[in-house]
Amino acid sequence: MSTTPLPGFEHLLAAKPTTEEGRTPRRGPTAEELLEGLNDPQREAVVHAGVPLLVVAGAGSGKTRVLTRRIAWLIQERKAHPGSILAITFTNKAAAEMKERVAELVGGRAKIMWVSTFHSACVRILRKEAEHLGYDRVKSNFSIYDAQDQKRLITMVCNDLDLDPRKFQPGPVLHQISGYKNELRDPAEVRADAKNSFEEAYASAYELYQRRLREANALDFDDLIMETVRLFQTKPGIRETYRRRFRHLLVDEYQDTNHAQYALIHQLCGQDLEEVSTGSTNLEGADAVPPAELMVVGDADQSIYAFRGADIRNIMDFEQDFPDARTVMLEQNYRSTQTILTAANAVIERNEGRKPKRLWSDAGDGAKIVGYVGDTEHDEARFVSDEIDRLTDEDAGLRAGDVAVFYRTNAQSRVFEEIFMRTGMPYKVVGGVRFYERREVRDALAYLRALVNPDDQVSMRRILNTPKRGIGDRAVACVGELATRDSMTFWEALRRADEAPGLATRSQRNIEQFVAVMGELMQMVEAGERPDVILESVLDKSGYLKSLEESDDPQDESRIENLAELVAVAREFAEDPIAGPSADPADVDAGLVEPGLADFLERVALVADSDQIPDAPPDGEAEPDAPAETGMVTLMTLHTAKGLEFPVVFLTGMEDGVFPHSRALGDRTELEEERRLAYVGITRARQRLYVSRSVVRSAWGAPAHNPASRFLGELPIDLVDWRRTEAEQTQWARPTFASDSRSSSYSGGQRLGSPTAAGRRNFSSAAARADAAAKSKPSRAIPNLAPGDRVTHDSFGLGTVVTVEGVADKSVASIDFGSEGVKRLLLRYAPVEKL
DNA sequence: CTAGGAAGTCTTTTT
DNA sequence: GACTTCCTAG
């Protein structure tokens, strides 16, 4: 069973526009052909010209179609130069797909368009303009730091600042910094606005973090956007160049843009934020170009990324931001049955302050929604598995590839993997432990990054002693000290290790060897060797491969395989020059398409989970040559499911505390975001929707008893066919396995006494087992606390409860321990006792 | 300096 | 329960 997520390249490689490419551009489709099969509002959006346009595109309303047809229309009918079009999508996969579909309409010219994510577009701009950024060290070979790199760096920063690691954990600090960047605030502003020592500490962390990034010639994800905005602000000339270039701007998934992205759009459309906020539409200078034509597409009901800075107001206030804007509503749905849409509408309508919108379909009612309540998550998974079996054989016509299983958090995929593995159901998990996050892959990539950008301290430190070559913490500290003392980069200090104070000769020799190897490899990079060739040399010369081969850890075998896979990916990349959205149009024009190591790294840095999903034939526009190998059940989180569709969808773990997530339970706005997530999930289904939950679910190794998700109660009751409800879940026999029920009742009886006793106690045998497992551990009773209660804690002493949130296993209390401060404690673990 | 074990942390969601 | 980080012995 394929459990290894593919690295996310194949779709780009497959997206080679083979159809039209090479032929002389035909006269292209006529205007009628471009509008064929579109409904009225869709047509309006396609042909619209002039003022900014907002397309409110409900789920499944054919917005991709509108976008591609519009682009084709711009080129074909309005004679727009393809190079003057900038289309922003949410994922690289969406970009590649869109490019391909436009190419089908207008031919190879489409390649010159910029169709990419915000991040890729900004990287391209920043690489080109790197020298104008105003940082000494930042050059066009800058590294892009992902979450893990950021974490390492911020940990070093917090250490250097002597911040209490308990109060300033890397995750929250980074989240904070990310927030600043999304709001376009620089460290000085943050410091000026700081109201207390806590916020000042954040400002210091932000400041030093930024300095370290720049010293390392690196940018993080948020920098990519922020620095582009800043570049345009400080260098109006450069901004003007891009304004002139991009005459048409199309933004997909507009509801998920953050403030920085919003600012960028405004800059490119000729209106700066200051101009907007002062209400002035004056452009400075007589040579200013008129604003580009803007079309944004989105659906406020599908905004699910507020947690990473997306600002739903961007779409809600579009008409205020652009007073002369037009709005087009796409409400007809071409994807789902009316039953599914009615359910989706019923759920989303509970959100307050949303603009009314009702999806409808003429596809007929279709099947009822099927509900199931399992005893445990294993029982729930078994139901899903049985049901898929049934659907894929007797119900003929459905393949495993037509089915998707969604869940709220990645951890929930486990039970499904277990049962699919047992029953031999082919499946594929999207996301989770990503290929590019595996240790060995990251090690290899760190080598490559260090070669391209030796200033990249995080990568350099990572590989310095990987594999072990006798350069320990002490040696690293000595080199670091030298670097600080003589203000040089870490890499320079390594090269001059002989000057490092207090460095053991043995370590020094080891460092020299390392530097020599790196020097050799760097020469290969300079000589322009192909990425795959360099990668192979890295694995060889660094001794990394050898150390894995000699290891007796069985895991290392699969590590070797993963590295082989990475080499294969690099080879494919090297051999296919046009693949993917990051080839610079100018280079394509010049026939200059020899992607180097740096391009490879950039691509790798910007792949998304959803980029790995195999292509499915999209809405109606048939793809008869669709790959036959997609016969696998797809497992993924609700977040990665956005933008996709499947004939059959299972929404699992529908429990309060799981979905909606426990952290959202107490918060109105967060709850509404969860509800939008439910809406997204429901509307992924074309024909059949299943909702399921389980009464007992083991979270963190101990069983938890979760109530039904409130979203289940929001489904119209007559639309759901409950196969099994909570009332039935007390039974020990499994209805679907007649032959199994006898033995079940036996063992149930033996374990729990009389079956009725088991029933009354609301536990299935499996749950009882889980329960017993929990009891074998020293699990303590959870104290029932309320604000005001006095407690003692084993190490913090006396305290007073301030707040209590969450329920049962997940309850968290804030407790004031006086001089020890206020602590947030997970009551299940915390050694607190009520007085 | 490294290896191995113990102890502590944690789970949203991701470009 | 799984992953990381910390600690200790060689």
# chains A, B, ... in the order shown; residues from 1 in each chain; ligands from 1

call {"tool": "interface_residues", "arguments": {"of": "chain A", "to": "chain B", "cutoff": "8 Å", "atoms": "only C-alpha atoms (C1' of nucleotides)", "output": "list in words"}}
result
Phe90, Thr91, His119, Phe221, Tyr305, Phe307, Arg308, Arg408, Thr409, Ala411, Gly470, Ile471, Gly472, Leu606, Ala608, Thr637, His639, His661 and Arg663 of chain A

call {"tool": "atom_distance", "arguments": {"atom1": "atom CA of Leu689 of chain A", "atom2": "atom CA of Gly366 of chain A"}}
result
10.3 Å

call {"tool": "closest_residue", "arguments": {"among": "A:Val458, A:Glu352, A:Ser698, A:Glu200", "to": "chain C", "atoms": "only C-alpha atoms (C1' of nucleotides)"}}
result
A:Ser698

call {"tool": "atom_distance", "arguments": {"atom1": "atom CA of Val680 of chain A", "atom2": "atom CA of Ala699 of chain A"}}
result
24.9 Å

call {"tool": "closest_residue", "arguments": {"among": "A:Arg414, A:Lys235, A:Lys468, A:Arg461", "to": "chain C", "atoms": "only C-alpha atoms (C1' of nucleotides)"}}
result
A:Arg414

call {"tool": "atom_distance", "arguments": {"atom1": "atom CA of Gly681 of chain A", "atom2": "atom CA of Val649 of chain A"}}
result
8.2 Å

call {"tool": "residues_around", "arguments": {"residues": "segment 112-118 of chain A", "least_positions_apart": "6", "cutoff": "6 Å", "atoms": "only C-alpha atoms (C1' of nucleotides)", "output": "PyMOL selection string"}}
result
chain A and resi 82-83+85-91+95+585

call {"tool": "select_by_dssp", "arguments": {"residues": "segment 241-387 of chain A", "states": "strand (DSSP E)", "output": "list in words"}}
result
His248, Leu249, Leu250, Val251, Glu293, Leu294, Met295, Val296, Val297, Gly298, Arg326, Thr327, Val328, Met329, Leu330, Ile369, Val370, Gly371, Tyr372, Val373, Gly374, Asp375 and Thr376 of chain A

call {"tool": "select_by_dssp", "arguments": {"residues": "segment 274-355 of chain A", "states": "alpha helix (DSSP H)", "output": "VMD selection string"}}
result
chain A and resid 274 to 277 313 to 316 318 to 321 338 to 348
